[in-house]
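Shown next: model.txt, containing compact mmCIF, C-alpha atoms.
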# COMPACT_ATOMS: atom_id res chain seq x y z
CA MET A 7 9.56 -60.67 -49.44
CA LEU A 8 8.61 -62.00 -52.85
CA ALA A 9 8.90 -65.56 -51.57
CA ARG A 10 6.68 -64.78 -48.58
CA ALA A 11 4.15 -63.04 -50.83
CA HIS A 12 4.10 -66.04 -53.16
CA ALA A 13 3.64 -68.43 -50.22
CA TRP A 14 0.80 -66.28 -48.84
CA GLY A 15 -0.92 -66.19 -52.24
CA SER A 16 -0.61 -69.94 -52.71
CA ARG A 17 -2.01 -70.56 -49.24
CA THR A 18 -4.81 -67.96 -49.47
CA PHE A 19 -6.08 -69.11 -52.88
CA SER A 20 -5.23 -72.80 -52.56
CA ALA A 21 -8.77 -74.00 -53.41
CA LEU A 22 -8.53 -72.34 -56.84
CA ARG A 23 -5.94 -74.89 -57.94
CA HIS A 24 -8.80 -77.38 -58.38
CA PRO A 25 -10.19 -76.81 -61.92
CA ALA A 26 -13.87 -77.52 -61.15
CA TYR A 27 -13.91 -75.22 -58.14
CA ARG A 28 -12.03 -72.54 -60.08
CA ARG A 29 -14.64 -72.56 -62.86
CA TYR A 30 -17.45 -72.43 -60.32
CA TRP A 31 -15.82 -69.60 -58.32
CA PHE A 32 -15.22 -67.28 -61.27
CA SER A 33 -18.71 -67.87 -62.67
CA GLN A 34 -20.15 -67.14 -59.23
CA LEU A 35 -18.12 -63.94 -58.98
CA LEU A 36 -19.49 -62.74 -62.34
CA SER A 37 -23.04 -63.64 -61.39
CA LEU A 38 -22.82 -61.89 -58.02
CA VAL A 39 -21.55 -58.67 -59.62
CA GLY A 40 -24.70 -58.69 -61.76
CA SER A 41 -26.88 -59.55 -58.76
CA TRP A 42 -25.50 -56.65 -56.71
CA MET A 43 -26.04 -54.26 -59.62
CA GLN A 44 -29.64 -55.48 -59.83
CA ALA A 45 -30.17 -55.23 -56.06
CA THR A 46 -28.96 -51.62 -56.02
CA ALA A 47 -31.05 -50.75 -59.08
CA GLN A 48 -34.09 -52.36 -57.44
CA GLN A 49 -33.65 -50.20 -54.34
CA TYR A 50 -33.54 -47.06 -56.47
CA LEU A 51 -36.52 -48.27 -58.49
CA VAL A 52 -38.62 -48.83 -55.35
CA LEU A 53 -37.75 -45.37 -54.04
CA GLU A 54 -38.69 -43.81 -57.39
CA LEU A 55 -42.00 -45.70 -57.59
CA SER A 56 -42.93 -44.91 -53.98
CA GLY A 57 -41.88 -41.28 -53.87
CA GLY A 58 -38.94 -41.99 -51.56
CA SER A 59 -40.78 -44.16 -49.03
CA SER A 60 -38.47 -46.06 -46.67
CA ALA A 61 -41.47 -48.19 -45.64
CA ALA A 62 -41.91 -49.40 -49.22
CA LEU A 63 -38.24 -50.31 -49.37
CA GLY A 64 -38.62 -52.21 -46.10
CA TRP A 65 -41.61 -54.19 -47.31
CA VAL A 66 -39.84 -55.20 -50.52
CA THR A 67 -36.90 -56.36 -48.40
CA VAL A 68 -39.25 -58.42 -46.21
CA ALA A 69 -40.84 -59.96 -49.32
CA GLN A 70 -37.40 -60.93 -50.61
CA PHE A 71 -36.10 -62.53 -47.41
CA MET A 72 -39.24 -63.95 -45.85
CA PRO A 73 -39.07 -67.16 -47.97
CA SER A 74 -35.72 -67.99 -46.34
CA LEU A 75 -37.41 -67.74 -42.96
CA LEU A 76 -40.35 -69.92 -44.01
CA LEU A 77 -38.80 -72.48 -46.38
CA SER A 78 -35.25 -73.14 -45.20
CA LEU A 79 -35.89 -76.49 -43.50
CA PHE A 80 -38.07 -77.78 -46.35
CA ALA A 81 -35.48 -76.58 -48.88
CA GLY A 82 -32.76 -78.59 -47.12
CA ALA A 83 -34.80 -81.80 -47.36
CA VAL A 84 -35.31 -81.17 -51.09
CA ILE A 85 -31.60 -80.52 -51.66
CA ASP A 86 -30.67 -83.83 -50.00
CA ARG A 87 -33.16 -85.73 -52.20
CA VAL A 88 -32.81 -84.04 -55.61
CA PRO A 89 -29.60 -83.90 -57.69
CA ARG A 90 -27.83 -80.64 -56.98
CA ARG A 91 -27.41 -79.79 -60.65
CA ARG A 92 -31.20 -79.92 -61.10
CA VAL A 93 -31.79 -77.73 -58.04
CA LEU A 94 -29.30 -75.10 -59.19
CA MET A 95 -30.51 -75.09 -62.80
CA THR A 96 -34.09 -74.58 -61.56
CA THR A 97 -33.20 -71.76 -59.18
CA GLN A 98 -30.97 -69.98 -61.69
CA ILE A 99 -33.59 -70.14 -64.44
CA THR A 100 -36.18 -68.76 -62.01
CA LEU A 101 -33.86 -65.89 -61.09
CA LEU A 102 -33.18 -65.31 -64.79
CA ILE A 103 -36.91 -64.99 -65.46
CA THR A 104 -37.47 -62.51 -62.62
CA ALA A 105 -34.50 -60.39 -63.75
CA THR A 106 -35.84 -60.40 -67.32
CA ALA A 107 -39.30 -59.35 -66.13
CA LEU A 108 -37.80 -56.45 -64.16
CA ALA A 109 -35.66 -55.40 -67.13
CA VAL A 110 -38.46 -55.44 -69.70
CA THR A 111 -41.16 -53.81 -67.54
CA THR A 112 -38.76 -51.10 -66.35
CA HIS A 113 -37.57 -50.46 -69.91
CA LEU A 114 -41.16 -50.15 -71.14
CA GLY A 115 -42.17 -47.98 -68.19
CA ILE A 116 -44.95 -50.31 -67.03
CA VAL A 117 -43.29 -51.55 -63.84
CA THR A 118 -45.28 -51.08 -60.61
CA LEU A 119 -44.48 -51.40 -56.92
CA PRO A 120 -46.73 -54.49 -56.44
CA LEU A 121 -44.96 -56.15 -59.40
CA VAL A 122 -41.54 -55.43 -57.88
CA MET A 123 -42.73 -56.91 -54.58
CA LEU A 124 -44.08 -60.02 -56.31
CA LEU A 125 -40.84 -60.56 -58.24
CA ALA A 126 -38.85 -60.01 -55.04
CA PHE A 127 -40.88 -62.75 -53.33
CA ILE A 128 -40.37 -65.15 -56.27
CA SER A 129 -36.62 -64.51 -56.40
CA GLY A 130 -36.47 -64.84 -52.60
CA THR A 131 -38.16 -68.24 -52.86
CA ALA A 132 -35.59 -69.35 -55.44
CA ASN A 133 -32.76 -68.09 -53.22
CA ALA A 134 -34.15 -70.06 -50.26
CA PHE A 135 -33.16 -73.18 -52.23
CA ASP A 136 -30.19 -71.74 -54.14
CA MET A 137 -28.16 -70.49 -51.16
CA PRO A 138 -28.01 -73.74 -49.12
CA ALA A 139 -27.49 -75.74 -52.33
CA ARG A 140 -24.43 -73.64 -53.16
CA GLN A 141 -23.11 -73.83 -49.61
CA SER A 142 -23.50 -77.60 -49.53
CA MET A 143 -21.69 -78.10 -52.85
CA VAL A 144 -18.39 -76.55 -51.75
CA VAL A 145 -17.18 -79.97 -50.61
CA ASP A 146 -17.95 -81.42 -54.05
CA PHE A 147 -14.99 -79.75 -55.76
CA VAL A 148 -12.22 -79.59 -53.15
CA PRO A 149 -10.70 -82.10 -50.70
CA ARG A 150 -11.48 -81.79 -47.00
CA SER A 151 -8.18 -80.01 -46.32
CA ASP A 152 -9.21 -77.14 -48.63
CA VAL A 153 -12.81 -76.76 -47.42
CA PRO A 154 -12.04 -73.83 -45.03
CA ASN A 155 -10.22 -72.04 -47.83
CA ALA A 156 -13.06 -72.65 -50.31
CA VAL A 157 -15.63 -71.32 -47.82
CA ALA A 158 -13.49 -68.22 -47.24
CA LEU A 159 -13.09 -67.67 -50.97
CA ASN A 160 -16.86 -67.93 -51.40
CA SER A 161 -17.27 -65.15 -48.84
CA LEU A 162 -14.53 -63.20 -50.60
CA SER A 163 -16.37 -63.42 -53.94
CA PHE A 164 -19.58 -62.25 -52.25
CA ASN A 165 -17.96 -59.15 -50.77
CA VAL A 166 -15.75 -58.31 -53.75
CA SER A 167 -18.78 -58.56 -56.03
CA ARG A 168 -20.81 -56.35 -53.69
CA THR A 169 -18.16 -53.65 -53.82
CA ILE A 170 -17.75 -53.91 -57.60
CA GLY A 171 -21.47 -54.29 -58.35
CA GLN A 172 -22.53 -51.29 -56.27
CA ALA A 173 -19.76 -49.19 -57.80
CA LEU A 174 -20.66 -50.29 -61.35
CA PHE A 175 -24.32 -49.42 -60.76
CA GLY A 176 -23.56 -45.69 -60.91
CA VAL A 177 -21.70 -46.07 -64.21
CA VAL A 178 -24.28 -48.44 -65.74
CA ALA A 179 -27.23 -46.25 -64.69
CA ALA A 180 -25.53 -43.26 -66.32
CA LEU A 181 -25.09 -45.29 -69.52
CA GLY A 182 -28.76 -46.27 -69.27
CA ILE A 183 -29.74 -42.63 -69.54
CA THR A 184 -28.09 -42.46 -72.95
CA LEU A 185 -28.81 -45.98 -74.24
CA LEU A 186 -32.36 -46.57 -72.96
CA ALA A 187 -33.84 -43.29 -71.68
CA GLY A 188 -33.10 -41.02 -74.63
CA GLY A 189 -30.98 -38.71 -72.49
CA ASN A 190 -33.76 -38.11 -69.95
CA SER A 191 -32.27 -38.60 -66.48
CA ASP A 192 -35.75 -38.77 -64.92
CA ASN A 193 -36.95 -41.62 -67.13
CA LEU A 194 -37.32 -44.91 -65.21
CA SER A 195 -36.09 -46.90 -68.19
CA ARG A 196 -32.51 -45.82 -67.34
CA LEU A 197 -32.63 -48.35 -64.49
CA ALA A 198 -33.32 -51.25 -66.86
CA LEU A 199 -29.70 -51.55 -68.03
CA PRO A 200 -28.39 -53.10 -64.75
CA PHE A 201 -31.22 -55.66 -64.98
CA TYR A 202 -30.31 -56.52 -68.58
CA LEU A 203 -26.63 -56.98 -67.67
CA ASN A 204 -27.61 -59.27 -64.81
CA VAL A 205 -29.71 -61.32 -67.24
CA ALA A 206 -26.65 -61.74 -69.46
CA SER A 207 -24.53 -62.99 -66.54
CA PHE A 208 -26.97 -65.86 -65.89
CA PHE A 209 -26.15 -67.54 -69.20
CA VAL A 210 -22.51 -67.95 -68.17
CA VAL A 211 -23.56 -69.42 -64.82
CA LEU A 212 -26.06 -71.81 -66.40
CA PHE A 213 -23.39 -73.08 -68.82
CA VAL A 214 -20.92 -73.68 -65.98
CA ILE A 215 -23.49 -75.49 -63.81
CA ALA A 216 -24.55 -77.65 -66.78
CA THR A 217 -20.96 -78.74 -67.44
CA LEU A 218 -19.49 -79.03 -63.93
CA PRO A 219 -18.47 -82.60 -62.95
CA PHE A 220 -20.68 -83.11 -59.89
CA PRO A 221 -19.33 -86.17 -58.04
CA ALA A 222 -21.42 -88.95 -56.56
CA ARG A 223 -22.37 -88.40 -52.92
CA ASP A 224 -23.04 -90.61 -49.97
CA GLY A 225 -26.66 -91.61 -49.75
CA GLY A 226 -28.98 -92.44 -46.90
CA GLN A 227 -32.45 -93.87 -46.70
CA HIS A 228 -35.18 -91.25 -46.98
CA GLY A 229 -38.52 -91.34 -45.27
CA SER A 230 -41.21 -88.75 -45.70
CA MET A 231 -40.24 -85.11 -46.23
CA ALA A 232 -41.28 -84.33 -42.65
CA GLU A 233 -39.12 -87.17 -41.33
CA ASP A 234 -36.15 -85.89 -43.36
CA VAL A 235 -36.57 -82.47 -41.78
CA ARG A 236 -36.78 -84.02 -38.30
CA GLU A 237 -33.64 -86.05 -38.99
CA GLY A 238 -31.72 -82.86 -39.78
CA LEU A 239 -33.02 -81.18 -36.63
CA ARG A 240 -32.11 -84.24 -34.53
CA TYR A 241 -28.57 -84.17 -35.92
CA VAL A 242 -28.10 -80.51 -35.04
CA ARG A 243 -29.61 -80.98 -31.57
CA GLY A 244 -27.38 -83.99 -30.90
CA THR A 245 -24.15 -82.46 -32.25
CA PRO A 246 -22.92 -79.79 -29.81
CA ALA A 247 -20.27 -78.37 -32.16
CA VAL A 248 -22.82 -77.61 -34.88
CA ARG A 249 -25.63 -76.66 -32.50
CA ASN A 250 -23.63 -74.12 -30.52
CA VAL A 251 -22.09 -72.51 -33.62
CA MET A 252 -25.60 -72.06 -35.02
CA PHE A 253 -26.80 -70.59 -31.72
CA LEU A 254 -23.93 -68.09 -31.91
CA VAL A 255 -24.65 -67.10 -35.52
CA GLY A 256 -28.39 -66.81 -34.83
CA ALA A 257 -27.91 -64.70 -31.69
CA LEU A 258 -25.53 -62.29 -33.41
CA SER A 259 -27.80 -62.10 -36.49
CA LEU A 260 -30.58 -60.91 -34.19
CA THR A 261 -28.35 -58.24 -32.63
CA VAL A 262 -25.16 -56.78 -34.10
CA ILE A 263 -25.12 -58.34 -37.59
CA ASN A 264 -27.62 -55.81 -38.96
CA PHE A 265 -25.35 -53.33 -40.70
CA ASN A 266 -27.80 -52.97 -43.59
CA VAL A 267 -29.91 -51.05 -41.05
CA ILE A 268 -27.14 -49.58 -38.85
CA ILE A 269 -24.97 -48.02 -41.59
CA PRO A 270 -27.66 -46.06 -43.48
CA TYR A 271 -29.34 -44.91 -40.26
CA TYR A 272 -26.10 -43.71 -38.69
CA ALA A 273 -25.02 -42.04 -41.93
CA ARG A 274 -28.26 -40.12 -42.52
CA VAL A 275 -29.71 -39.55 -39.04
CA VAL A 276 -26.88 -39.77 -36.48
CA PHE A 277 -24.14 -38.16 -38.58
CA ASP A 278 -26.52 -36.04 -40.72
CA ALA A 279 -24.45 -37.00 -43.77
CA ARG A 280 -25.47 -37.15 -47.42
CA GLU A 281 -25.33 -39.90 -50.03
CA ALA A 282 -21.59 -39.55 -50.70
CA ALA A 283 -20.71 -40.17 -47.05
CA PHE A 284 -23.07 -43.14 -46.97
CA GLY A 285 -21.25 -44.58 -49.99
CA VAL A 286 -17.87 -44.16 -48.28
CA LEU A 287 -19.12 -45.80 -45.07
CA SER A 288 -20.60 -48.75 -47.00
CA ALA A 289 -17.43 -49.14 -49.07
CA SER A 290 -15.30 -49.09 -45.92
CA PHE A 291 -17.37 -51.89 -44.38
CA GLY A 292 -17.01 -53.86 -47.64
CA VAL A 293 -13.24 -53.41 -47.71
CA GLY A 294 -13.00 -54.66 -44.14
CA ALA A 295 -15.15 -57.67 -45.02
CA ILE A 296 -12.88 -58.47 -47.98
CA ALA A 297 -9.83 -58.25 -45.71
CA GLY A 298 -11.51 -60.57 -43.20
CA ALA A 299 -12.29 -63.12 -45.90
CA LEU A 300 -8.72 -62.96 -47.24
CA TRP A 301 -7.24 -63.32 -43.76
CA GLN A 302 -9.48 -66.28 -42.99
CA ALA A 303 -8.65 -67.88 -46.36
CA SER A 304 -4.99 -68.04 -45.31
CA LYS A 305 -5.81 -69.91 -42.07
CA PRO A 306 -6.08 -73.72 -42.20
CA ASN A 307 -7.99 -74.10 -38.91
CA PRO A 308 -11.32 -72.22 -38.88
CA LEU A 309 -11.91 -72.72 -35.15
CA LYS A 310 -9.06 -70.44 -34.07
CA ASN A 311 -10.84 -67.31 -35.27
CA LEU A 312 -14.41 -68.14 -34.23
CA ARG A 313 -14.03 -66.40 -30.87
CA ILE A 314 -11.61 -63.75 -32.14
CA GLY A 315 -14.03 -62.64 -34.85
CA SER A 316 -16.84 -62.32 -32.30
CA ILE A 317 -14.74 -60.13 -29.99
CA ILE A 318 -13.54 -57.88 -32.81
CA LEU A 319 -17.12 -57.45 -34.05
CA LEU A 320 -18.52 -56.56 -30.62
CA ILE A 321 -15.76 -54.13 -29.62
CA SER A 322 -15.84 -52.31 -32.96
CA THR A 323 -19.64 -52.02 -32.76
CA VAL A 324 -19.35 -50.28 -29.38
CA ALA A 325 -16.67 -47.99 -30.84
CA LEU A 326 -19.01 -47.13 -33.73
CA ALA A 327 -21.71 -46.11 -31.25
CA PHE A 328 -19.49 -43.31 -29.94
CA ALA A 329 -17.94 -42.21 -33.24
CA PRO A 330 -18.48 -38.43 -33.54
CA GLY A 331 -18.83 -38.42 -37.31
CA PRO A 332 -18.17 -40.19 -40.64
CA ALA A 333 -14.40 -39.55 -40.56
CA ILE A 334 -13.94 -41.67 -37.43
CA ALA A 335 -16.74 -44.11 -38.29
CA THR A 336 -15.14 -45.05 -41.64
CA PRO A 337 -12.13 -47.00 -40.26
CA ILE A 338 -14.27 -48.39 -37.42
CA LEU A 339 -16.72 -49.85 -39.94
CA ALA A 340 -13.81 -51.47 -41.76
CA VAL A 341 -12.96 -53.25 -38.48
CA CYS A 342 -16.64 -54.23 -38.09
CA GLY A 343 -16.60 -55.80 -41.55
CA PHE A 344 -13.34 -57.59 -40.79
CA GLY A 345 -14.69 -59.03 -37.54
CA MET A 346 -18.03 -60.07 -39.03
CA LEU A 347 -16.48 -61.96 -41.96
CA THR A 348 -13.86 -63.59 -39.73
CA LEU A 349 -16.67 -64.88 -37.52
CA LEU A 350 -18.99 -66.01 -40.33
CA VAL A 351 -16.32 -67.75 -42.41
CA SER A 352 -15.08 -69.58 -39.29
CA ALA A 353 -18.65 -70.63 -38.41
CA ASN A 354 -19.48 -71.81 -41.92
CA SER A 355 -16.24 -73.78 -42.26
CA THR A 356 -16.72 -75.43 -38.85
CA VAL A 357 -20.21 -76.60 -39.76
CA GLN A 358 -19.17 -77.78 -43.24
CA LEU A 359 -16.26 -79.83 -41.92
CA THR A 360 -18.39 -81.52 -39.25
CA LEU A 361 -21.32 -82.59 -41.44
CA PRO A 362 -21.93 -86.00 -42.99
CA ASP A 363 -22.73 -85.68 -46.70
CA HIS A 364 -26.21 -87.21 -46.50
CA LEU A 365 -27.36 -84.40 -44.18
CA ARG A 366 -25.45 -81.53 -45.76
CA GLY A 367 -28.38 -79.89 -47.55
CA ARG A 368 -30.67 -79.99 -44.52
CA VAL A 369 -28.11 -78.69 -42.04
CA MET A 370 -26.81 -75.94 -44.34
CA SER A 371 -30.42 -74.88 -44.89
CA LEU A 372 -30.78 -74.57 -41.13
CA TYR A 373 -27.57 -72.53 -41.12
CA SER A 374 -29.10 -70.24 -43.75
CA PHE A 375 -32.20 -70.01 -41.57
CA VAL A 376 -30.28 -68.72 -38.54
CA LEU A 377 -28.13 -66.37 -40.64
CA VAL A 378 -30.49 -65.01 -43.34
CA GLY A 379 -33.86 -65.93 -41.86
CA MET A 380 -33.08 -63.95 -38.71
CA GLY A 381 -32.57 -60.88 -40.89
CA PRO A 382 -36.19 -59.56 -40.82
CA PRO A 383 -36.68 -59.84 -37.01
CA GLY A 384 -33.09 -58.70 -36.43
CA ALA A 385 -33.66 -55.61 -38.58
CA LEU A 386 -36.79 -54.79 -36.57
CA ILE A 387 -34.91 -55.16 -33.28
CA ALA A 388 -31.97 -53.08 -34.48
CA SER A 389 -34.10 -50.31 -36.01
CA SER A 390 -36.16 -50.07 -32.81
CA LEU A 391 -33.17 -49.87 -30.46
CA ILE A 392 -31.07 -47.40 -32.46
CA SER A 393 -33.94 -45.03 -33.25
CA LYS A 394 -33.20 -41.48 -32.08
CA ASP A 395 -36.78 -41.34 -30.79
CA GLY A 396 -36.38 -44.55 -28.80
CA LEU A 397 -35.89 -44.89 -25.07
CA LEU A 398 -32.11 -45.23 -25.29
CA GLY A 399 -31.33 -43.10 -28.33
CA SER A 400 -29.15 -44.06 -31.28
CA ARG A 401 -25.80 -44.41 -29.56
CA TRP A 402 -26.81 -46.23 -26.38
CA GLY A 403 -29.24 -48.30 -28.44
CA LEU A 404 -26.32 -49.58 -30.53
CA VAL A 405 -24.35 -50.27 -27.34
CA THR A 406 -27.34 -52.28 -26.11
CA LEU A 407 -27.26 -54.37 -29.30
CA ALA A 408 -23.56 -55.05 -28.71
CA VAL A 409 -24.20 -55.96 -25.06
CA LEU A 410 -26.93 -58.40 -26.06
CA GLY A 411 -24.53 -59.95 -28.55
CA ALA A 412 -21.78 -60.08 -25.92
CA LEU A 413 -24.08 -61.87 -23.46
CA SER A 414 -24.79 -64.49 -26.15
CA VAL A 415 -21.08 -64.96 -26.82
CA ALA A 416 -20.35 -65.24 -23.09
CA ALA A 417 -23.10 -67.83 -22.60
CA LEU A 418 -21.73 -69.96 -25.46
CA TRP A 419 -18.00 -69.30 -25.00
CA ARG A 420 -17.10 -72.52 -23.19
CA ARG A 421 -19.48 -74.56 -25.36
CA LEU A 422 -18.06 -73.50 -28.71
CA PRO A 423 -15.94 -76.27 -30.29
CA ARG A 424 -12.18 -76.22 -29.89
CA LYS A 425 -11.42 -79.10 -32.24
CA LEU A 426 -13.10 -80.43 -35.35
CA ASP A 427 -14.96 -83.71 -35.19
CA LYS A 428 -14.89 -85.89 -38.27
CA PRO A 429 -18.30 -86.32 -39.92
CA GLN A 430 -20.09 -89.57 -39.18
CA PRO A 431 -21.33 -91.78 -42.06
CA PRO A 432 -25.08 -92.32 -42.44
CA ALA A 433 -26.51 -94.89 -40.04
CA GLN A 434 -28.24 -96.80 -42.80
CA ALA A 435 -26.30 -96.01 -45.91
CA VAL A 436 -27.55 -97.37 -49.20
CA GLY A 437 -24.35 -96.78 -51.07
CA LEU A 438 -23.45 -94.04 -53.48
CA SER A 439 -26.04 -92.32 -55.57
CA SER A 440 -25.47 -91.81 -59.24
CA ALA A 441 -23.46 -88.72 -60.14
CA ASP A 442 -25.73 -85.73 -60.62

Any chance you could give the structure as structure tokens?
Amino acid sequence: MLARAHAWGSRTFSALRHPAYRRYWFSQLLSLVGSWMQATAQQYLVLELSGGSSAALGWVTVAQFMPSLLLSLFAGAVIDRVPRRRVLMTTQITLLITATALAVTTHLGIVTLPLVMLLAFISGTANAFDMPARQSMVVDFVPRSDVPNAVALNSLSFNVSRTIGQALFGVVAALGITLLAGGNSDNLSRLALPFYLNVASFFVVLFVIATLPFPARDGGQHGSMAEDVREGLRYVRGTPAVRNVMFLVGALSLTVINFNVIIPYYARVVFDAREAAFGVLSASFGVGAIAGALWQASKPNPLKNLRIGSIILLISTVALAFAPGPAIATPILAVCGFGMLTLLVSANSTVQLTLPDHLRGRVMSLYSFVLVGMGPPGALIASSLISKDGLLGSRWGLVTLAVLGALSVAALWRRLPRKLDKPQPPAQAVGLSSAD
């Protein structure tokens, strides 16, 4: 048993044996814990400033994610032109500044809802460049054979940090009452401590990015920015494996992958549960997502679980629709998280292993567009269908979302790739660029 456990651990965390990737991964994990603490604190801050308005929370969310919808394709062209270290240093410094502004204004009690919305838009703009840049750099630090594992470990760090960061928020906010709010639990300044801790985490990340050995990458001739964008779109349109995986991710992002709307609505409205039950349901989904990422990390071929993850996600979503209460919904949501991460890690790995390096930034930006950019319209679709006042009601509305997702999977089933194609070199390569 010990030998099998050791073999599983070596296989599941194989990408961490590469020093550069290991440094990057642990710094990313630390940064994401701070980011999730800040995101949770920002939600509470918006609710406090707006008197508990869900609409205000929704508009701040739109402000934060709208840049990904608007700028993804342009961001990809920039990432393929500009050294990755410079892109990441710029985005991280921008995010550092917005976190500092939130911390200071909240601490001083001068923060306002319009300011929070403005800072959310600025940080969302930075993330529109930061996310595809990070996704495209996975191949910089591991060999091709370890790319699926590195992608899975990236998803693992995201979900582990979400679970830890949201749990730490309660402890840190309580400390903020003593350290910053003078013992007054109603003072807004208590929420500044998570922002300050997130600011501190950025310095570690900036140091790691500044010292990582970014390798040289294959280059290609660049035309205008618009032509670069069109080249990326032509590649996706002409590469069925990448195109159909993106269609699948986009279709499911518009339908069932909207648990940031589904979980709180089912907890509060359908199950008539309070905050504690909502926390348990969210944690259960996170645990399932972590398990999905770990399971996928131990699999060398990402294609095998692309269809399996879709089926698990759809069936568990239908089961959630008919769950009578939180007790039954908790394990079902764990299965939902497992299925979603199995699908997304498989999709990301498939795209990464098919891409030529000179198009990586543009295509991964398009991937971010179909995954993150579909979030705002997907949230509107999901919230409309599962509303208890809607035509179908909450339970049949969720079933409808799953059926729409299932129709998308069925339409693409035979077109999804079954084997990985090796990436093609640039048509008019100009050699290797200088290391950045």

Pick from A:Ala179, A:Ala26, A:Ala289, A:Ile338, whichever lies nearest to Val144 of chain A using only C-alpha atoms: A:Ala26

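In this comparison, which uses all atoms listed in the file, the residue of A:Leu8, A:Leu386, A:Val369, A:Val324 approaching Glu237 of chain A most closely is A:Val369.
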
Atom CA of Gly176 of chain A to atom CA of Ser288 of chain A, straight-line distance in Å: 14.5 Å

Residue neighbourhood Ala134 of chain A, 8 Å, only C-alpha atoms, exclusion window fewer than 6 positions, as a PyMOL selection string: chain A and resi 73-74+77-78+81

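With distances restricted to only C-alpha atoms, A:Pro154 is the closest residue to Thr356 of chain A from A:Pro154, A:Gly130, A:Pro25, A:Pro89.
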
Of the listed residues A:Pro138, A:Pro332, A:Gly40, A:Pro200, that which approaches Ile85 of chain A most closely, counting only C-alpha atoms: A:Pro138

Exercise: segment 345-352 of chain A partners within 10 Å, only C-alpha atoms, chain neighbours under 5 positions left out, as a PyMOL selection string: chain A and resi 154-162+165+251+254-255+258+262-263+291-292+294-303+305+307-323+339-340+357-358+377

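Take atom CA of Ala126 of chain A and atom CA of Ala105 of chain A: the distance between them is 9.7 Å.
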
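Note that the spacing between atom CA of Ile269 of chain A and atom CA of Leu287 of chain A amounts to 7.2 Å.
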
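Surrounding residues of (-27.2, -70.1, -57.4) at most 6 Å away are Leu94, Gln98 and Asp136 of chain A (based on all atoms listed in the file).
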